[in-house]
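Contents: one structure, followed by commentary.
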Amino acid sequence: MRSIRPSSTARPRRGRRASSSLAAVALASALALTATACGGDDQADGNPSASAAAAGTGDGKIKIPDDLRQKLKEHGIDVDKWKNGAWKDWNRKDWLREANDFINPIIKGLWDPNRMRHAGDPDKGVDDNDISGDQGVTDPTPAPVKARQVAAPYHVNAATSGKVFFDSPEGHMVCSGTVVEDPAHPGKSNLVWTAGHCVHAGRSGGWYRNLAFVPSYNNAAESVDQLQNAARSEIAPYGVWWADAAQTSQQWIDQGGETGGNGAPYDFAVIHVTPEQGSGGKSLQETVGGALPVDFDAPAVPKVRSMTASGYPAAAPYDGQLLYQCADKPGRLSIDQAAPTMYRIGCSMTGGASGGGWVETGADGKPKLVSNTSIGPVSSGWLAGPRLGDVAKGVYRSVSEKFAGQ
C-alpha cells in the first residue's frame with residue numbers, strides 16, 4: 001500500500017485532474033523468452049539464451065505479432081535488445097506511459113525463487129496531515145487491528161490470493177493481488193485485481209515491466225530460512241502467470257504520485273494473465289479453484305459490518321513471505337474534495353500488502369471483492385482502499401471484453 005506518503009508500492013501524486021472518467025486501457029500480446037540465468041536482487045537478470053522459444057509453439061522461434069512488433073518499433077525498441085536487458089533502461093524518453101502502450105514480453109525463468117524472495121514493496125507512506133475532510137466525511141482514525149496470519153495451505157484457505165511482481169526503476173518490486181471472475185469467461189477467468197500503483201508509476205512515470213502474478217505464493221507458509229533453498233515449484237506451486245494486458249484508471253495515470261493521497265480513490269487495476277509454462281489448457285481460475293465476483297455497488301460504510309483485507313506485507317516487521325488478513329468495520333476517508341470517499345480500516349499490515357483484495361460477505365452469505373489496499377500511514381495502523389464505482393467497472397469490463405472472443 002502507499003503511505004500517505006503512500007504505504008504500498010506506489011504513492012499517490014498531485015497532478016492535473018483527469019479530463020474524463022474513462023479508464024485507461026493497456027493491452028498487449030505476450031511473447032516468451034527463455035532466460036539462461038536469473039540472479040538475485042542485485043542482478044539485471046533474465047538474459048535469454050540464443051534459442052529463445054515462443055510460448056506454446058515448441059518450435060524454438062520467437063513469434064512476435066505484427067501489431068506488437070510495430071508498437072515496439074514506434075517507440076524505438078529493438079526486440080533483441082529488449083530481451084537481452086534493454087528493459088532495464090528507465091531513463092529513456094520512451095518509458096511507455098500512455099494507456100495503450102503496455103508491453104510485457106514473457107521472459108521465462110526471470111522470476112526465480114531468489115528474485116521473488118528479495119522483491120521489495122512499492123509502497124510509500126501517507127501522513128495524516130495529507131488527509132482532509134473536504135469531501136464530506138472523514139471518520140476518526142480507526143484503532144489498529146493486528147493482522148492475523150492465514151493458515152496454510154493458502155490454496156485451501158485463501159485460494160484467490162497471490163503476489164504481483166514487477167520491475168521498476170528502483171528494482172524488483174512486489175504487491176498483492178486477487179483472482180476475480182470474468183463475465184466473458186464464466187468459470188474460466190484469467191483476471192487479477194490489484195492496485196493501479198502496482199502496474200503504473202502514475203503522473204511521473206509509465207508502465208512497470210516484467211509484470212507477473214503468482215497465486216498462493218509460498219503455499220505452505222514456510223519461513224524465510226526454510227525458503228533459502230526452495231525450488232520454484234515450492235514457492236510458486238501453481239505457476240507464474242504473466243500479464244498480457246493491464247489497465248488502470250486515467251485518473252491514476254494523470255494524478256497518481258509517490259507520496260500523498262492524490263489519485264488514491266482511483267488506485268485500482270485489472271490485469272489479464274497467461275501462464276509462463278503450459279497450464280494444460282486450464283485458466284487461472286480453474287488452476288487455483290476459484291475467483292471472486294466484484295461488487296461495483298457496495299453498500300455505504302454505515303451499512304457494512306466488516307471488511308477483510310488480504311495481502312503479503314513486506315515492510316518491517318513483516319518479511320513479505322507470508323499471507324495475512326485484517327478484518328474490521330470500515331470508516332470513511334476523504335482525500336480530495338472532488339474525489340470519491342474511500343474505505344478505511346484498522347490494520348497493522350505494511351507495504352507489500354498494496355493491491356490486496358478487500359472482501360465483504362453480503363446478506364446472501366457470498367464473499368465479493370469491494371476494494372483493494374491503496375494507502376496507509378508510514379507508521380502503519382490503518383489501510384484505505386477505493387470504493388469501486390463506474391470508473392472501476394469500466395476498467396474491468398474493458399479487459400474482459402478484449403479477450404471475450406478468445
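Ordered as shown in the C-alpha cells, chains take letters A, B, and onward, while each chain numbers its residues from 1 and ligands are numbered from 1 in the order shown.
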message: At a cut-off of 6 Å, using only C-alpha atoms, what residues contact stretch 344-356 of chain A? Leave out same-chain residues fewer than 5 positions from it and give the result as number ranges by chain.
response: A: 1, 7-8, 121, 123, 142-147, 174-177, 194-195, 310-315, 326, 328, 330-332, 372-374, 380-384
query: What are the DSSP alpha helix (DSSP H) residues of stretch 172-385 of chain A, as a PyMOL selection string?
result: chain A and resi 224-227+232-235+250-255+284-288
- prompt: Please, which residues of stretch 172-210 of chain A, numbered as in this document, come out strand (DSSP E or B) from DSSP, as a list in words?
  reply: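 Strand (DSSP E or B) members of stretch 172-210 of chain A, listed: His172, Met173, Val174, Cys175, Ser176, Gly177, Thr178, Val179, Val180, Leu191, Val192, Trp193, Thr194, His200, Trp207, Arg209 and Asn210 of chain A.
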Generate a file of the selected residues that holds all heavy atoms, formatted as a tab-separated table (two decimals), in the first residue's frame.
```tsv
chain	number	residue	atom	x	y	z
A	172	HIS	N	13.38	-4.73	-8.18
A	172	HIS	CA	12.32	-5.74	-8.19
A	172	HIS	C	11.30	-5.37	-7.12
A	172	HIS	O	11.66	-5.14	-5.96
A	172	HIS	CB	12.87	-7.13	-7.88
A	172	HIS	CG	14.17	-7.44	-8.55
A	172	HIS	ND1	14.48	-6.99	-9.81
A	172	HIS	CD2	15.24	-8.16	-8.13
A	172	HIS	CE1	15.68	-7.42	-10.13
A	172	HIS	NE2	16.16	-8.12	-9.14
A	173	MET	N	10.04	-5.33	-7.49
A	173	MET	CA	9.00	-4.90	-6.57
A	173	MET	C	7.89	-5.94	-6.46
A	173	MET	O	7.75	-6.82	-7.31
A	173	MET	CB	8.41	-3.57	-7.04
A	173	MET	CG	9.39	-2.42	-7.01
A	173	MET	SD	9.85	-1.99	-5.32
A	173	MET	CE	11.19	-0.83	-5.62
A	174	VAL	N	7.08	-5.79	-5.40
A	174	VAL	CA	6.03	-6.76	-5.16
A	174	VAL	C	4.80	-6.08	-4.58
A	174	VAL	O	4.89	-5.12	-3.82
A	174	VAL	CB	6.51	-7.87	-4.19
A	174	VAL	CG1	6.86	-7.28	-2.82
A	174	VAL	CG2	5.49	-8.98	-4.05
A	175	CYS	N	3.64	-6.56	-4.99
A	175	CYS	CA	2.34	-6.15	-4.44
A	175	CYS	C	1.54	-7.42	-4.19
A	175	CYS	O	2.08	-8.53	-4.29
A	175	CYS	CB	1.58	-5.26	-5.45
A	175	CYS	SG	2.03	-3.51	-5.45
A	176	SER	N	0.29	-7.25	-3.88
A	176	SER	CA	-0.61	-8.39	-3.71
A	176	SER	C	-1.73	-8.29	-4.74
A	176	SER	O	-1.97	-7.23	-5.31
A	176	SER	CB	-1.20	-8.38	-2.29
A	176	SER	OG	-0.17	-8.48	-1.32
A	177	GLY	N	-2.40	-9.40	-4.99
A	177	GLY	CA	-3.48	-9.40	-5.98
A	177	GLY	C	-4.49	-10.48	-5.69
A	177	GLY	O	-4.28	-11.35	-4.84
A	178	THR	N	-5.62	-10.42	-6.41
A	178	THR	CA	-6.73	-11.34	-6.17
A	178	THR	C	-7.32	-11.81	-7.50
A	178	THR	O	-7.57	-11.00	-8.40
A	178	THR	CB	-7.86	-10.63	-5.38
A	178	THR	OG1	-7.30	-10.07	-4.19
A	178	THR	CG2	-8.96	-11.61	-5.01
A	179	VAL	N	-7.55	-13.10	-7.62
A	179	VAL	CA	-8.20	-13.65	-8.81
A	179	VAL	C	-9.68	-13.28	-8.76
A	179	VAL	O	-10.36	-13.54	-7.76
A	179	VAL	CB	-8.05	-15.18	-8.87
A	179	VAL	CG1	-8.66	-15.72	-10.17
A	179	VAL	CG2	-6.58	-15.59	-8.76
A	180	VAL	N	-10.18	-12.66	-9.82
A	180	VAL	CA	-11.59	-12.25	-9.86
A	180	VAL	C	-12.28	-12.88	-11.07
A	180	VAL	O	-11.64	-13.29	-12.03
A	180	VAL	CB	-11.74	-10.71	-9.92
A	180	VAL	CG1	-11.25	-10.10	-8.63
A	180	VAL	CG2	-11.01	-10.13	-11.13
A	191	LEU	N	-8.33	-13.18	-14.92
A	191	LEU	CA	-8.24	-11.80	-14.48
A	191	LEU	C	-7.75	-11.71	-13.04
A	191	LEU	O	-8.15	-12.49	-12.18
A	191	LEU	CB	-9.60	-11.10	-14.59
A	191	LEU	CG	-10.25	-11.04	-15.97
A	191	LEU	CD1	-11.55	-10.23	-15.89
A	191	LEU	CD2	-9.30	-10.43	-17.00
A	192	VAL	N	-6.91	-10.71	-12.78
A	192	VAL	CA	-6.38	-10.45	-11.45
A	192	VAL	C	-6.62	-8.98	-11.10
A	192	VAL	O	-6.34	-8.09	-11.91
A	192	VAL	CB	-4.87	-10.76	-11.37
A	192	VAL	CG1	-4.30	-10.36	-10.01
A	192	VAL	CG2	-4.61	-12.24	-11.64
A	193	TRP	N	-7.13	-8.74	-9.90
A	193	TRP	CA	-7.36	-7.38	-9.43
A	193	TRP	C	-6.21	-6.96	-8.53
A	193	TRP	O	-5.75	-7.72	-7.68
A	193	TRP	CB	-8.67	-7.33	-8.62
A	193	TRP	CG	-9.15	-5.92	-8.39
A	193	TRP	CD1	-8.68	-5.04	-7.44
A	193	TRP	CD2	-10.16	-5.23	-9.12
A	193	TRP	NE1	-9.35	-3.84	-7.56
A	193	TRP	CE2	-10.26	-3.94	-8.57
A	193	TRP	CE3	-10.99	-5.58	-10.18
A	193	TRP	CZ2	-11.16	-2.98	-9.05
A	193	TRP	CZ3	-11.89	-4.64	-10.66
A	193	TRP	CH2	-11.98	-3.35	-10.10
A	194	THR	N	-5.71	-5.73	-8.71
A	194	THR	CA	-4.65	-5.20	-7.87
A	194	THR	C	-4.77	-3.68	-7.82
A	194	THR	O	-5.78	-3.12	-8.24
A	194	THR	CB	-3.27	-5.67	-8.38
A	194	THR	OG1	-2.25	-5.31	-7.42
A	194	THR	CG2	-2.94	-5.06	-9.74
A	200	HIS	N	1.47	0.85	-12.80
A	200	HIS	CA	1.84	2.10	-13.48
A	200	HIS	C	2.35	3.10	-12.45
A	200	HIS	O	1.79	3.23	-11.35
A	200	HIS	CB	0.61	2.67	-14.19
A	200	HIS	CG	0.90	3.75	-15.19
A	200	HIS	ND1	1.27	5.04	-14.83
A	200	HIS	CD2	0.88	3.75	-16.56
A	200	HIS	CE1	1.46	5.77	-15.90
A	200	HIS	NE2	1.22	5.01	-16.97
A	207	TRP	N	4.35	2.55	-17.47
A	207	TRP	CA	4.03	1.16	-17.10
A	207	TRP	C	5.26	0.46	-16.55
A	207	TRP	O	6.36	0.58	-17.10
A	207	TRP	CB	3.51	0.40	-18.33
A	207	TRP	CG	2.22	0.95	-18.84
A	207	TRP	CD1	2.04	1.80	-19.89
A	207	TRP	CD2	0.92	0.72	-18.31
A	207	TRP	NE1	0.71	2.11	-20.05
A	207	TRP	CE2	0.00	1.46	-19.09
A	207	TRP	CE3	0.44	-0.05	-17.23
A	207	TRP	CZ2	-1.37	1.46	-18.83
A	207	TRP	CZ3	-0.93	-0.05	-16.98
A	207	TRP	CH2	-1.81	0.69	-17.78
A	209	ARG	N	7.44	-3.03	-15.67
A	209	ARG	CA	7.83	-4.10	-16.60
A	209	ARG	C	7.93	-5.46	-15.91
A	209	ARG	O	8.04	-5.56	-14.70
A	209	ARG	CB	9.17	-3.74	-17.25
A	209	ARG	CG	9.07	-2.44	-18.04
A	209	ARG	CD	10.43	-1.90	-18.46
A	209	ARG	NE	10.29	-0.62	-19.15
A	209	ARG	CZ	11.30	0.18	-19.49
A	209	ARG	NH1	12.54	-0.17	-19.20
A	209	ARG	NH2	11.06	1.32	-20.11
A	210	ASN	N	7.90	-6.50	-16.73
A	210	ASN	CA	8.01	-7.88	-16.24
A	210	ASN	C	6.95	-8.18	-15.17
A	210	ASN	O	7.22	-8.80	-14.14
A	210	ASN	CB	9.42	-8.15	-15.70
A	210	ASN	CG	10.48	-7.88	-16.75
A	210	ASN	OD1	10.28	-8.14	-17.94
A	210	ASN	ND2	11.61	-7.34	-16.34
```
message: Using only C-alpha atoms, which protein or nucleic acid residues come within 7 Å of A:Ala159? Drop anything in the same chain fewer than 2 positions from it, and give the result as a VMD selection string.
response: chain A and resid 154 to 157 161 216 288 to 290
Using only N, CA, C and O atoms, please write the residues we just selected to a file, as a compact mmCIF listing (two decimals), in the first residue's frame.
```
# COMPACT_ATOMS: atom_id res chain seq x y z
N TYR A 154 -2.38 -22.05 1.72
CA TYR A 154 -3.15 -20.90 1.23
C TYR A 154 -4.12 -21.32 0.14
O TYR A 154 -5.18 -20.70 -0.03
N HIS A 155 -3.75 -22.34 -0.61
CA HIS A 155 -4.62 -22.80 -1.70
C HIS A 155 -5.98 -23.25 -1.18
O HIS A 155 -6.97 -23.18 -1.90
N VAL A 156 -6.02 -23.67 0.07
CA VAL A 156 -7.27 -24.11 0.68
C VAL A 156 -7.97 -22.96 1.38
O VAL A 156 -9.19 -22.80 1.29
N ASN A 157 -7.21 -22.13 2.08
CA ASN A 157 -7.80 -21.11 2.93
C ASN A 157 -7.88 -19.71 2.32
O ASN A 157 -8.57 -18.84 2.86
N SER A 161 -5.90 -15.48 -3.49
CA SER A 161 -4.85 -14.51 -3.17
C SER A 161 -3.51 -14.91 -3.77
O SER A 161 -3.22 -16.09 -3.98
N SER A 216 -1.18 -18.16 -4.63
CA SER A 216 -0.79 -18.98 -3.47
C SER A 216 0.72 -19.01 -3.29
O SER A 216 1.32 -20.06 -3.04
N VAL A 288 -6.47 -22.40 -9.69
CA VAL A 288 -6.49 -22.14 -8.24
C VAL A 288 -7.77 -22.62 -7.58
O VAL A 288 -7.84 -22.76 -6.36
N GLY A 289 -8.81 -22.86 -8.38
CA GLY A 289 -10.05 -23.39 -7.82
C GLY A 289 -11.07 -22.35 -7.40
O GLY A 289 -12.02 -22.68 -6.68
N GLY A 290 -10.92 -21.11 -7.87
CA GLY A 290 -11.92 -20.12 -7.51
C GLY A 290 -11.59 -18.74 -8.03
O GLY A 290 -10.47 -18.47 -8.49
```
Which residues of stretch 226-307 of chain A come within 12 Å of stretch 98-102 of chain A, and what is each one's closest atom pair and distance in Å (one decimal), counting only C-alpha atoms, sorted by chain and residue number, as a tab-separated table?
```
residue	atom	partner	partner_atom	distance
A:Ala243	CA	A:Phe102	CA	9.8
A:Asp244	CA	A:Phe102	CA	8.7
A:Ala245	CA	A:Phe102	CA	7.3
A:Ala246	CA	A:Phe102	CA	6.9
A:Gln247	CA	A:Ala99	CA	7.5
A:Thr248	CA	A:Ala99	CA	8.2
A:Ser249	CA	A:Ala99	CA	9.0
A:Gln250	CA	A:Ala99	CA	7.8
A:Gln251	CA	A:Ala99	CA	11.3
A:Trp252	CA	A:Ala99	CA	10.9
A:Ile253	CA	A:Glu98	CA	8.2
A:Asp254	CA	A:Glu98	CA	10.0
A:Ile271	CA	A:Phe102	CA	11.0
```
statement: What separates atom CA of A:Pro113 and atom CA of A:Arg232 is a distance of 5.4 Å
